[in-house]
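Here is the file upload_29.txt (compact mmCIF, C-alpha atoms).
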```txt
# COMPACT_ATOMS: atom_id res chain seq x y z
CA MET G 1354 -6.07 31.17 18.30
CA ALA G 1355 -6.66 27.90 16.53
CA ARG G 1356 -4.85 24.75 17.61
CA THR G 1357 -3.37 22.41 15.00
CA LEU G 1358 -2.90 18.80 16.02
CA LEU G 1359 -1.21 15.99 14.16
CA LEU G 1360 -2.15 12.45 15.11
CA VAL G 1361 0.74 10.23 14.11
CA GLY G 1362 0.32 6.46 14.08
CA THR G 1363 3.63 4.61 14.28
CA ARG G 1364 5.07 1.14 14.61
CA LYS G 1365 5.56 1.91 18.32
CA GLY G 1366 2.45 3.76 19.40
CA CYS G 1367 0.54 6.94 18.66
CA PHE G 1368 2.03 10.43 19.01
CA VAL G 1369 0.40 13.86 19.03
CA LEU G 1370 2.15 16.98 17.77
CA GLU G 1371 0.59 20.34 18.49
CA SER G 1372 1.08 23.80 17.06
CA ASP G 1373 -0.94 26.95 16.52
CA GLU G 1374 -2.34 28.46 13.35
CA ALA G 1375 1.14 29.47 12.16
CA ARG G 1376 2.26 25.82 12.17
CA ARG G 1377 5.92 26.71 12.69
CA ASP G 1378 6.72 25.36 16.16
CA TRP G 1379 5.52 21.96 17.27
CA ASN G 1380 5.37 20.17 20.60
CA LEU G 1381 5.35 16.40 20.62
CA ARG G 1382 3.70 14.11 23.15
CA GLY G 1383 3.47 10.35 23.39
CA PRO G 1384 3.96 7.54 22.73
CA TYR G 1385 0.41 6.49 23.51
CA CYS G 1386 -1.48 3.21 23.17
CA GLU G 1387 1.18 1.38 25.18
CA ASN G 1388 3.49 1.40 22.16
CA TRP G 1389 1.23 -0.95 20.22
CA PRO G 1390 1.73 -0.74 16.46
CA VAL G 1391 -0.83 1.83 15.32
CA TYR G 1392 -1.93 1.50 11.71
CA HIS G 1393 -4.31 4.44 11.55
CA ALA G 1394 -5.34 7.20 13.97
CA VAL G 1395 -8.23 9.60 13.27
CA TYR G 1396 -10.25 12.32 15.01
CA GLU G 1397 -14.03 12.47 15.27
CA ALA G 1398 -15.08 16.10 15.62
CA SER G 1399 -18.54 15.83 17.17
CA SER G 1400 -17.31 13.79 20.15
CA GLY G 1401 -13.79 15.21 20.20
CA ALA G 1402 -12.42 11.68 20.31
CA ILE G 1403 -9.27 10.21 18.83
CA TYR G 1404 -9.51 6.62 17.60
CA ALA G 1405 -6.46 4.48 16.85
CA ALA G 1406 -6.52 1.10 15.10
CA ALA G 1407 -3.75 -0.97 16.61
CA ALA G 1408 -2.57 -4.55 16.50
CA SER G 1409 -0.14 -5.96 19.04
CA GLU G 1410 2.00 -8.98 18.15
CA TRP G 1411 1.28 -10.24 21.63
CA HIS G 1412 -2.19 -9.09 22.57
CA GLY G 1413 -4.08 -8.92 19.28
CA SER G 1414 -6.12 -6.16 17.68
CA ALA G 1415 -8.10 -3.38 19.32
CA VAL G 1416 -9.34 0.13 18.72
CA TRP G 1417 -8.01 2.64 21.22
CA ARG G 1418 -9.99 5.77 22.10
CA SER G 1419 -9.03 9.01 23.79
CA GLY G 1420 -11.67 11.59 24.70
CA ASP G 1421 -9.13 14.17 25.89
CA LEU G 1422 -6.83 14.60 22.89
CA GLY G 1423 -4.47 11.86 23.92
CA GLU G 1424 -4.02 12.40 27.65
CA THR G 1425 -5.84 9.18 28.59
CA TRP G 1426 -6.81 6.16 26.53
CA THR G 1427 -8.99 3.08 26.71
CA LEU G 1428 -9.11 0.16 24.33
CA SER G 1429 -11.75 -2.30 23.21
CA SER G 1430 -11.89 -5.29 20.93
CA GLU G 1431 -15.26 -6.49 22.17
CA GLY G 1432 -16.99 -7.84 19.09
CA ILE G 1433 -14.00 -7.42 16.75
CA SER G 1434 -13.78 -11.11 15.92
CA TYR G 1435 -14.93 -13.56 13.30
CA GLY G 1436 -15.67 -15.97 16.13
CA GLU G 1437 -15.47 -19.62 15.34
CA ASN G 1438 -16.46 -19.42 11.66
CA GLY G 1439 -12.95 -20.13 10.43
CA LYS G 1440 -12.00 -16.68 9.17
CA ARG G 1441 -8.88 -15.29 10.80
CA LEU G 1442 -8.64 -11.67 11.90
CA SER G 1443 -4.97 -10.71 11.69
CA LYS G 1444 -5.27 -6.98 12.35
CA VAL G 1445 -7.38 -3.86 12.39
CA SER G 1446 -5.96 -1.56 9.77
CA ASN G 1447 -8.13 1.43 8.87
CA LEU G 1448 -10.72 3.68 10.52
CA ALA G 1449 -13.51 6.01 9.45
CA ALA G 1450 -15.32 7.98 12.15
CA SER G 1451 -18.52 10.00 12.00
CA PRO G 1452 -21.01 11.29 14.57
CA GLY G 1453 -22.55 8.19 16.12
CA ARG G 1454 -20.68 5.53 14.19
CA VAL G 1455 -17.09 4.37 13.81
CA LEU G 1456 -16.00 1.85 11.20
CA VAL G 1457 -12.84 -0.23 11.29
CA GLY G 1458 -11.49 -2.32 8.43
CA VAL G 1459 -9.69 -5.56 9.14
CA GLU G 1460 -7.86 -8.45 7.54
CA GLU G 1461 -9.17 -10.98 6.49
CA PRO G 1462 -11.24 -8.37 4.68
CA GLY G 1463 -14.15 -7.20 6.75
CA ILE G 1464 -15.68 -4.07 8.24
CA PHE G 1465 -16.81 -3.76 11.86
CA LYS G 1466 -18.95 -0.94 13.25
CA SER G 1467 -19.36 0.66 16.64
CA ASP G 1468 -22.39 2.79 17.53
CA ASP G 1469 -21.30 3.43 21.12
CA ASP G 1470 -18.08 5.41 20.75
CA GLY G 1471 -15.88 2.37 20.29
CA ALA G 1472 -16.97 0.51 23.43
CA THR G 1473 -18.39 -2.46 21.52
CA TRP G 1474 -18.23 -3.59 17.91
CA SER G 1475 -20.15 -5.82 15.54
CA LEU G 1476 -19.49 -7.16 12.06
CA LEU G 1477 -21.00 -4.93 9.38
CA SER G 1478 -19.84 -6.68 6.22
CA THR G 1479 -17.27 -9.02 4.74
CA LEU G 1480 -18.22 -7.96 1.20
CA GLU G 1481 -19.16 -11.57 0.59
CA GLY G 1482 -20.47 -12.25 -2.88
CA GLN G 1483 -18.48 -9.47 -4.52
CA PRO G 1484 -16.37 -10.55 -7.50
CA GLY G 1485 -13.03 -11.71 -6.15
CA SER G 1486 -14.31 -12.45 -2.68
CA GLU G 1487 -14.15 -16.18 -3.31
CA GLY G 1488 -10.36 -15.98 -3.27
CA TRP G 1489 -9.28 -13.03 -1.18
CA ASN G 1490 -9.22 -14.89 2.14
CA ASP G 1491 -6.60 -17.28 0.80
CA PRO G 1492 -3.30 -16.20 2.43
CA ALA G 1493 -1.57 -16.84 -0.90
CA ASN G 1494 -3.67 -14.06 -2.42
CA GLN G 1495 -3.14 -11.48 0.31
CA PRO G 1496 -0.67 -8.71 -0.51
CA PRO G 1497 2.24 -7.92 1.84
CA GLY G 1498 1.19 -5.69 4.66
CA HIS G 1499 -1.93 -7.76 5.20
CA LEU G 1500 -4.28 -4.81 5.57
CA GLY G 1501 -7.43 -6.48 4.20
CA ILE G 1502 -9.69 -3.45 4.05
CA SER G 1503 -6.93 -0.93 3.45
CA ALA G 1504 -9.17 2.15 3.39
CA LEU G 1505 -12.64 3.35 4.31
CA MET G 1506 -14.05 6.70 3.20
CA LEU G 1507 -17.42 7.98 4.39
CA ASP G 1508 -19.71 10.25 2.39
CA GLY G 1509 -19.36 13.12 4.83
CA ASP G 1510 -21.33 12.30 7.96
CA ASP G 1511 -23.61 9.89 6.09
CA THR G 1512 -22.71 6.45 7.44
CA SER G 1513 -24.99 4.65 4.99
CA ARG G 1514 -22.78 5.54 2.06
CA PHE G 1515 -19.08 4.80 2.00
CA TRP G 1516 -16.26 3.45 -0.11
CA ALA G 1517 -13.96 0.60 0.88
CA ILE G 1518 -10.71 -0.60 -0.68
CA VAL G 1519 -9.96 -4.30 -0.54
CA GLN G 1520 -6.18 -4.45 -0.73
CA GLY G 1521 -5.07 -5.83 -4.08
CA VAL G 1522 -8.66 -6.25 -5.32
CA GLY G 1523 -10.17 -2.83 -5.84
CA LEU G 1524 -12.60 -0.17 -4.75
CA PHE G 1525 -16.21 -0.81 -3.71
CA GLU G 1526 -19.08 1.54 -2.87
CA THR G 1527 -22.15 0.95 -0.73
CA GLY G 1528 -25.14 3.23 -0.49
CA ASP G 1529 -27.12 1.34 2.10
CA GLY G 1530 -24.77 0.91 5.03
CA GLY G 1531 -22.93 -2.08 3.63
CA THR G 1532 -25.67 -4.49 2.60
CA ASN G 1533 -25.25 -4.00 -1.12
CA ARG G 1534 -22.06 -2.98 -2.85
CA ALA G 1535 -20.73 -2.27 -6.28
CA PRO G 1536 -17.17 -2.32 -7.63
CA ARG G 1537 -15.93 1.12 -8.68
CA ASN G 1538 -12.92 0.35 -10.84
CA THR G 1539 -14.04 1.25 -14.34
CA GLY G 1540 -11.20 2.75 -16.35
CA LEU G 1541 -8.40 1.64 -14.03
CA ARG G 1542 -5.33 -0.06 -15.42
CA ALA G 1543 -3.86 -3.40 -14.34
CA ASP G 1544 -0.63 -4.82 -15.74
CA TRP G 1545 -1.42 -8.38 -14.67
CA PRO G 1546 -3.99 -11.05 -15.53
CA ARG G 1547 -7.39 -10.68 -13.86
CA GLU G 1548 -10.05 -13.28 -13.35
CA HIS G 1549 -12.90 -10.76 -13.11
CA GLU G 1550 -13.73 -7.82 -15.32
CA GLU G 1551 -14.69 -5.55 -12.43
CA VAL G 1552 -11.92 -6.25 -9.91
CA GLY G 1553 -8.24 -7.18 -9.69
CA PHE G 1554 -7.00 -3.60 -9.38
CA CYS G 1555 -4.50 -2.46 -6.80
CA VAL G 1556 -5.95 0.73 -5.36
CA HIS G 1557 -3.55 2.19 -2.80
CA LYS G 1558 -5.26 5.39 -1.69
CA LEU G 1559 -8.52 7.19 -2.40
CA VAL G 1560 -9.16 10.88 -1.63
CA ARG G 1561 -12.06 13.15 -2.41
CA SER G 1562 -12.03 16.87 -3.07
CA PRO G 1563 -13.72 18.79 -0.25
CA ALA G 1564 -14.32 21.54 -2.80
CA ASP G 1565 -16.22 19.27 -5.19
CA PRO G 1566 -17.42 15.91 -3.88
CA SER G 1567 -17.82 14.53 -7.39
CA ARG G 1568 -14.05 14.78 -7.84
CA MET G 1569 -11.91 11.92 -6.52
CA TYR G 1570 -8.28 10.99 -6.98
CA GLN G 1571 -6.54 7.72 -6.40
CA GLN G 1572 -2.95 6.58 -6.20
CA ASN G 1573 -2.88 3.12 -7.68
CA HIS G 1574 -0.15 0.50 -7.87
CA VAL G 1575 0.01 1.44 -11.54
CA GLY G 1576 -0.70 5.08 -12.02
CA MET G 1577 -2.52 8.11 -10.75
CA HIS G 1578 -6.19 8.36 -11.60
CA ARG G 1579 -8.95 10.96 -11.41
CA SER G 1580 -12.70 10.57 -11.29
CA ASP G 1581 -15.21 13.34 -12.01
CA ASP G 1582 -18.26 11.24 -11.15
CA GLU G 1583 -17.67 10.06 -7.56
CA GLY G 1584 -15.65 7.03 -8.59
CA GLN G 1585 -18.00 5.67 -11.22
CA THR G 1586 -15.27 5.98 -13.87
CA TRP G 1587 -11.56 6.75 -13.74
CA THR G 1588 -9.07 8.49 -16.04
CA GLU G 1589 -5.33 8.02 -15.73
CA ILE G 1590 -3.29 11.17 -15.02
CA THR G 1591 0.18 9.70 -14.48
CA GLU G 1592 2.01 11.55 -17.27
CA GLY G 1593 4.53 14.01 -15.85
CA LEU G 1594 5.23 12.10 -12.64
CA PRO G 1595 8.62 10.41 -12.09
CA THR G 1596 7.01 7.03 -11.36
CA GLU G 1597 3.54 5.57 -11.60
CA PHE G 1598 3.79 4.03 -8.13
CA GLY G 1599 3.14 5.46 -4.69
CA PHE G 1600 0.89 5.16 -1.69
CA ALA G 1601 -0.03 8.54 -0.23
CA ALA G 1602 -2.32 11.19 -1.67
CA ALA G 1603 -4.03 14.38 -0.51
CA ALA G 1604 -6.70 16.62 -2.03
CA HIS G 1605 -6.62 20.40 -1.62
CA PRO G 1606 -9.48 21.56 0.64
CA HIS G 1607 -10.48 24.56 -1.47
CA ASP G 1608 -9.47 23.80 -5.06
CA ARG G 1609 -10.90 20.77 -6.85
CA ASP G 1610 -8.03 20.69 -9.33
CA THR G 1611 -5.17 20.65 -6.81
CA PHE G 1612 -3.95 17.34 -5.54
CA TYR G 1613 -0.72 15.92 -4.04
CA VAL G 1614 1.10 12.60 -4.32
CA VAL G 1615 4.44 11.11 -3.28
CA PRO G 1616 5.80 8.99 -6.15
CA LEU G 1617 7.97 6.07 -5.08
CA ASP G 1618 10.26 3.54 -6.72
CA PRO G 1619 7.89 0.72 -7.70
CA GLY G 1620 10.42 -2.09 -7.10
CA HIS G 1621 11.36 -3.60 -3.79
CA GLY G 1622 12.66 -0.30 -2.49
CA ARG G 1623 9.46 1.71 -2.52
CA THR G 1624 11.44 4.80 -1.60
CA MET G 1625 11.73 8.24 -3.20
CA PRO G 1626 13.24 7.89 -6.71
CA ASP G 1627 17.01 8.47 -6.81
CA GLY G 1628 17.07 9.31 -3.11
CA HIS G 1629 15.47 12.68 -3.88
CA ALA G 1630 12.60 13.44 -1.53
CA ALA G 1631 9.72 15.30 -3.12
CA VAL G 1632 5.99 15.75 -3.00
CA TRP G 1633 4.33 16.34 -6.37
CA ARG G 1634 1.42 18.69 -6.95
CA THR G 1635 -1.01 19.23 -9.76
CA ARG G 1636 -3.06 22.42 -9.99
CA ASP G 1637 -4.87 21.42 -13.16
CA ALA G 1638 -6.44 18.08 -12.20
CA GLY G 1639 -3.48 16.05 -13.39
CA SER G 1640 -2.69 17.66 -16.74
CA SER G 1641 0.70 18.74 -15.36
CA TRP G 1642 2.74 18.12 -12.22
CA GLN G 1643 5.12 20.21 -10.15
CA GLN G 1644 7.92 18.80 -8.01
CA LEU G 1645 7.95 20.28 -4.48
CA ASP G 1646 11.21 19.74 -2.63
CA ASN G 1647 12.18 23.06 -1.02
CA GLY G 1648 13.32 22.05 2.46
CA LEU G 1649 13.14 18.31 1.83
CA PRO G 1650 16.32 16.19 1.65
CA THR G 1651 17.18 15.90 -2.02
CA GLU G 1652 20.28 13.71 -1.78
CA ASP G 1653 20.70 10.25 -0.30
CA ALA G 1654 17.17 10.28 1.07
CA TYR G 1655 15.91 6.75 0.51
CA ILE G 1656 12.69 7.23 2.41
CA GLY G 1657 9.18 5.97 1.83
CA VAL G 1658 5.70 7.20 2.67
CA LEU G 1659 2.84 4.79 3.41
CA ARG G 1660 -0.76 5.18 2.24
CA GLU G 1661 -2.16 6.99 5.27
CA ALA G 1662 0.96 9.02 6.00
CA MET G 1663 0.14 12.27 4.18
CA ALA G 1664 -2.46 14.77 5.38
CA ILE G 1665 -3.62 18.26 4.48
CA ASP G 1666 -5.35 20.75 6.75
CA GLY G 1667 -8.24 23.10 5.97
CA TYR G 1668 -6.71 26.54 6.61
CA ASP G 1669 -7.12 29.23 3.96
CA GLN G 1670 -3.53 28.46 3.01
CA PRO G 1671 -3.48 24.72 3.63
CA GLY G 1672 -0.63 22.92 5.36
CA LEU G 1673 0.66 19.53 4.28
CA TYR G 1674 2.17 16.85 6.48
CA VAL G 1675 4.18 13.83 5.36
CA GLY G 1676 5.45 11.04 7.62
CA THR G 1677 8.02 8.52 6.47
CA SER G 1678 8.46 4.85 7.11
CA THR G 1679 11.77 5.73 8.75
CA GLY G 1680 10.30 8.17 11.26
CA GLN G 1681 10.78 11.65 9.82
CA LEU G 1682 7.82 14.02 9.81
CA PHE G 1683 7.80 16.93 7.36
CA ALA G 1684 5.40 19.86 7.38
CA SER G 1685 4.58 22.65 4.98
CA ALA G 1686 2.46 25.65 5.95
CA ASP G 1687 2.31 27.02 2.40
CA GLU G 1688 0.61 24.33 0.32
CA GLY G 1689 3.82 22.40 -0.23
CA ASP G 1690 5.99 25.25 -1.52
CA SER G 1691 8.42 24.90 1.41
CA TRP G 1692 8.99 22.23 4.02
CA ASN G 1693 10.40 21.78 7.52
CA GLU G 1694 11.33 18.57 9.31
CA ILE G 1695 9.29 18.79 12.52
CA ALA G 1696 10.22 15.38 13.97
CA SER G 1697 13.27 13.37 13.05
CA TYR G 1698 13.41 10.27 15.17
CA LEU G 1699 9.95 8.78 15.46
CA PRO G 1700 9.29 5.09 14.92
CA ALA G 1701 8.16 4.07 11.44
CA ILE G 1702 5.13 6.21 10.59
CA SER G 1703 1.96 4.49 9.39
CA SER G 1704 -0.48 7.37 9.42
CA VAL G 1705 -0.74 11.15 9.76
CA HIS G 1706 -4.07 12.86 10.46
CA VAL G 1707 -4.44 16.61 10.96
CA VAL G 1708 -7.01 18.30 13.18
CA VAL G 1709 -7.71 22.04 13.47
CA LEU G 1710 -9.48 23.11 16.67
CA ASP G 1711 -10.86 26.62 16.96
CA MET Q 39 -5.36 -21.66 44.79
CA ALA Q 40 -3.18 -21.57 41.67
CA ASP Q 41 -0.97 -18.55 41.24
CA VAL Q 42 -1.03 -16.74 37.86
CA HIS Q 43 1.90 -14.49 36.94
CA LEU Q 44 0.98 -12.05 34.18
CA PRO Q 45 3.24 -10.22 31.71
CA ALA Q 46 4.04 -6.55 32.29
CA THR Q 47 2.57 -5.63 28.90
CA LEU Q 48 -0.89 -6.63 30.12
CA ILE Q 49 -0.97 -4.55 33.29
CA PRO Q 50 -1.61 -1.07 31.79
CA LEU Q 51 -4.56 -2.37 29.78
CA PHE Q 52 -6.85 -3.13 32.73
CA ALA Q 53 -7.69 -1.13 35.82
CA ASP Q 54 -6.19 -2.51 39.02
CA LEU Q 55 -4.79 -5.62 37.36
CA PRO Q 56 -1.89 -6.94 39.49
CA ARG Q 57 1.05 -8.97 38.20
CA HIS Q 58 0.07 -11.93 40.38
CA VAL Q 59 -3.49 -13.27 40.63
CA GLU Q 60 -4.78 -16.28 42.56
CA VAL Q 61 -7.40 -18.44 40.84
CA ASP Q 62 -9.35 -21.55 41.79
CA ALA Q 63 -9.40 -23.40 38.47
CA GLY Q 64 -9.04 -26.92 37.13
CA THR Q 65 -7.42 -26.01 33.81
CA VAL Q 66 -5.59 -23.12 32.19
CA ASP Q 67 -8.75 -22.33 30.22
CA GLU Q 68 -10.76 -22.06 33.44
CA ALA Q 69 -8.07 -19.81 34.89
CA VAL Q 70 -8.41 -17.51 31.86
CA ASP Q 71 -12.19 -17.54 32.38
CA GLN Q 72 -11.72 -16.35 35.94
CA LEU Q 73 -9.43 -13.57 34.82
CA GLU Q 74 -11.99 -12.58 32.18
CA SER Q 75 -14.78 -12.43 34.75
CA ARG Q 76 -12.77 -10.06 36.91
CA TRP Q 77 -11.23 -8.00 34.10
CA PRO Q 78 -13.57 -8.12 31.08
CA GLY Q 79 -11.68 -8.24 27.81
CA LEU Q 80 -8.61 -9.94 29.24
CA ARG Q 81 -9.27 -13.26 27.50
CA ASP Q 82 -9.05 -11.54 24.13
CA ARG Q 83 -5.60 -10.24 24.96
CA LEU Q 84 -4.31 -13.78 25.60
CA CYS Q 85 -6.41 -16.03 23.38
CA GLU Q 86 -7.85 -16.16 19.86
CA PRO Q 87 -11.03 -17.82 18.65
CA GLY Q 88 -10.71 -21.58 18.66
CA PRO Q 89 -10.09 -21.03 21.47
CA ARG Q 90 -6.33 -21.11 21.30
CA ILE Q 91 -3.52 -19.19 22.93
CA ARG Q 92 -2.24 -16.25 20.86
CA THR Q 93 0.87 -16.95 18.78
CA HIS Q 94 3.37 -14.98 20.85
CA ILE Q 95 1.78 -15.64 24.24
CA HIS Q 96 3.20 -18.64 26.07
CA PHE Q 97 1.71 -20.31 29.14
CA TYR Q 98 3.86 -22.39 31.49
CA VAL Q 99 2.44 -24.47 34.33
CA ASP Q 100 5.04 -25.43 36.89
CA GLN Q 101 7.85 -24.73 34.41
CA ARG Q 102 6.32 -26.75 31.56
CA ARG Q 103 4.82 -25.28 28.37
CA ALA Q 104 1.05 -25.51 28.70
CA SER Q 105 -2.06 -25.37 26.54
CA LEU Q 106 -5.56 -24.25 27.46
CA ASP Q 107 -6.52 -27.75 28.57
CA THR Q 108 -3.49 -28.29 30.78
CA PRO Q 109 -4.75 -29.30 34.26
CA LEU Q 110 -3.95 -27.25 37.35
CA ASP Q 111 -3.75 -28.21 40.98
CA GLN Q 112 -4.11 -26.04 44.03
CA ARG Q 113 -0.41 -25.15 44.13
CA SER Q 114 0.21 -24.66 40.42
CA ARG Q 115 2.25 -21.69 39.32
CA ILE Q 116 1.08 -20.38 35.95
CA GLU Q 117 3.43 -18.04 34.15
CA VAL Q 118 2.13 -16.10 31.17
CA ILE Q 119 4.94 -14.85 28.95
CA ALA Q 120 4.76 -12.28 26.17
CA ALA Q 121 7.40 -13.97 24.02
CA ILE Q 122 9.96 -11.97 22.08
CA SER Q 123 8.49 -11.30 18.67
CA GLY Q 124 10.86 -9.01 16.86
CA GLY Q 125 12.15 -5.47 17.23
```
Representation of the structure as structure tokens:
Amino acid sequence: MARTLLLVGTRKGCFVLESDEARRDWNLRGPYCENWPVYHAVYEASSGAIYAAAASEWHGSAVWRSGDLGETWTLSSEGISYGENGKRLSKVSNLAASPGRVLVGVEEPGIFKSDDDGATWSLLSTLEGQPGSEGWNDPANQPPGHLGISALMLDGDDTSRFWAIVQGVGLFETGDGGTNRAPRNTGLRADWPREHEEVGFCVHKLVRSPADPSRMYQQNHVGMHRSDDEGQTWTEITEGLPTEFGFAAAAHPHDRDTFYVVPLDPGHGRTMPDGHAAVWRTRDAGSSWQQLDNGLPTEDAYIGVLREAMAIDGYDQPGLYVGTSTGQLFASADEGDSWNEIASYLPAISSVHVVVLD
Amino acid sequence: MADVHLPATLIPLFADLPRHVEVDAGTVDEAVDQLESRWPGLRDRLCEPGPRIRTHIHFYVDQRRASLDTPLDQRSRIEVIAAISGG
């Protein structure tokens, strides 16, 4: 019988929920990481390790690691520092783990790597020289949330090729481990003045279809977008959604045309429009959208979902998981057609990551 | 020997770290060095590059707010406080 684990990063530590293949009944354990604010928690399959990027108001940033599915944890920040060069490291915000290498994104924007299971770290890149980099370390230019590198996505287990989002600036790709990079924002929309042709786009979340690696989707500050050429060019697919704004996104594991988003009010609220909780699904690559709300609160539900807080598993009939910034965790075992609230009173949820263990 | 009193939030992060540690140091910075040598990584939990004390960590030496270069004597009591920083 397969085990299904949810790694939930919250404002007050990391939690683990566990179920079986049916994904109906869940047991919760935690909080872990000494209640540090956890911005992103992920699983690395080859080592069986959980990594959690956390930043304490008191004790600074570190990456926590558990080799036994959360029972025990260690932390390290050795090498996660800009040293005395004047750049300030406010937090670690996003992880990408592969066999032999773990990456962590930080603010001010930079990427650190560990080749020894998170024991020690070294600076991989600050993306220096990229258009926009001359200004993105100015605190006046840093978006709220202060994530810096708000997302990292590896090309499978290939650590030499990956994509990185600089919060409020755009998407970049490297094919040589981080030495050389290229902006990947062609075709995106921006409703504000930009100083550079290639950047100045607010990419919130990037996902890639496991069924077709050339297919990517992104939730942007202004609109949903699809790429059919691994991010080289983008086409907007917002029409049919209640708002153009949101953070979270998920790609169906078996169908390249199916993709999920959680549209939010784009103003200060950044909650579900009209207090009606819903996940939206396209089955035709964004030509049309379907509202999924069976089992979700559809009245007076002013809840939000952050960029790493939706996940999808790889079962034949995939399950979806959505965590809110007010601590509710919703799960669907039928591709979003129906939902259950599987945790109601967690701290504010930053990230949800699903693991299936055979 | 100066007596260092550490915050409870620090204790679970390092094996066998007690709440009270005796150090033979001339300044607060040297005291942190001694803690670091016995519990590697501890400096990073209290200080940032600069070096400077982290924003919400406060050091007091004999009841007075201290900086890293505050001198110590053999009977100094150093209290390290994880200051309240929001809910």
Go through chain Q and flag each residue having an atom no more than 10 Å from chain G; for those, report the closest pair of atoms plus their distance in Å to one decimal, using all atoms listed in the file, ordered by chain and rising number, as a Markdown table.
```
| residue | atom | partner | partner_atom | distance |
| --- | --- | --- | --- | --- |
| Q:Thr47 | CA | G:Glu1387 | CA | 8.1 |
| Q:Leu48 | CA | G:His1412 | CA | 8.0 |
| Q:Pro50 | CA | G:Glu1387 | CA | 7.6 |
| Q:Leu51 | CA | G:Leu1428 | CA | 7.5 |
| Q:Phe52 | CA | G:Thr1427 | CA | 8.9 |
| Q:Pro78 | CA | G:Glu1431 | CA | 9.2 |
| Q:Gly79 | CA | G:Glu1431 | CA | 6.9 |
| Q:Leu80 | CA | G:His1412 | CA | 9.3 |
| Q:Arg81 | CA | G:His1412 | CA | 9.6 |
| Q:Asp82 | CA | G:Gly1413 | CA | 7.4 |
| Q:Arg83 | CA | G:His1412 | CA | 4.3 |
| Q:Leu84 | CA | G:His1412 | CA | 6.0 |
| Q:Cys85 | CA | G:His1412 | CA | 8.2 |
| Q:Glu86 | CA | G:Gly1413 | CA | 8.2 |
| Q:Pro87 | CA | G:Gly1436 | CA | 5.6 |
| Q:Gly88 | CA | G:Glu1437 | CA | 6.1 |
| Q:Pro89 | CA | G:Glu1437 | CA | 8.3 |
| Q:Arg92 | CA | G:Trp1411 | CA | 7.0 |
| Q:Thr93 | CA | G:Trp1411 | CA | 7.3 |
| Q:His94 | CA | G:Trp1411 | CA | 5.2 |
| Q:Ile95 | CA | G:Trp1411 | CA | 6.0 |
| Q:His96 | CA | G:Trp1411 | CA | 9.7 |
| Q:Ile119 | CA | G:Trp1411 | CA | 9.4 |
| Q:Ala120 | CA | G:Trp1411 | CA | 6.1 |
| Q:Ala121 | CA | G:Trp1411 | CA | 7.6 |
| Q:Ile122 | CA | G:Trp1411 | CA | 8.9 |
| Q:Ser123 | CA | G:Glu1410 | CA | 6.9 |
| Q:Gly124 | CA | G:Glu1410 | CA | 9.0 |
| Q:Gly125 | CA | G:Lys1365 | CA | 10.0 |
```
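In terms of minimum interatomic distance to G:Met1663, G:Ser1703 ranks closest within G:Gln1483, G:Thr1596, G:Asn1693, G:Ser1703, counting all atoms listed in the file.
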* Which residues, written as a list of chain:residue names, have at least one atom at most 6 Å from Q:Phe97, with only C-alpha atoms counted and residues fewer than 3 positions away on the same chain left out? ->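 My list of contacting residues is Q:Arg103, Q:Ala104, Q:Glu117, Q:Val118.
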* When distances are computed from all atoms listed in the file, which of G:Asp1690, G:Asp1529, G:Asp1618, G:Asp1669 shows the smallest separation from G:Ser1478? -> G:Asp1529
* Could you tell me which of G:Gly1482, G:Gly1584, G:Pro1384, G:Gly1498 comes closest to G:Leu1524 if we count only C-alpha atoms? =>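 Counting only C-alpha atoms, the residue closest to G:Leu1524 is G:Gly1584.
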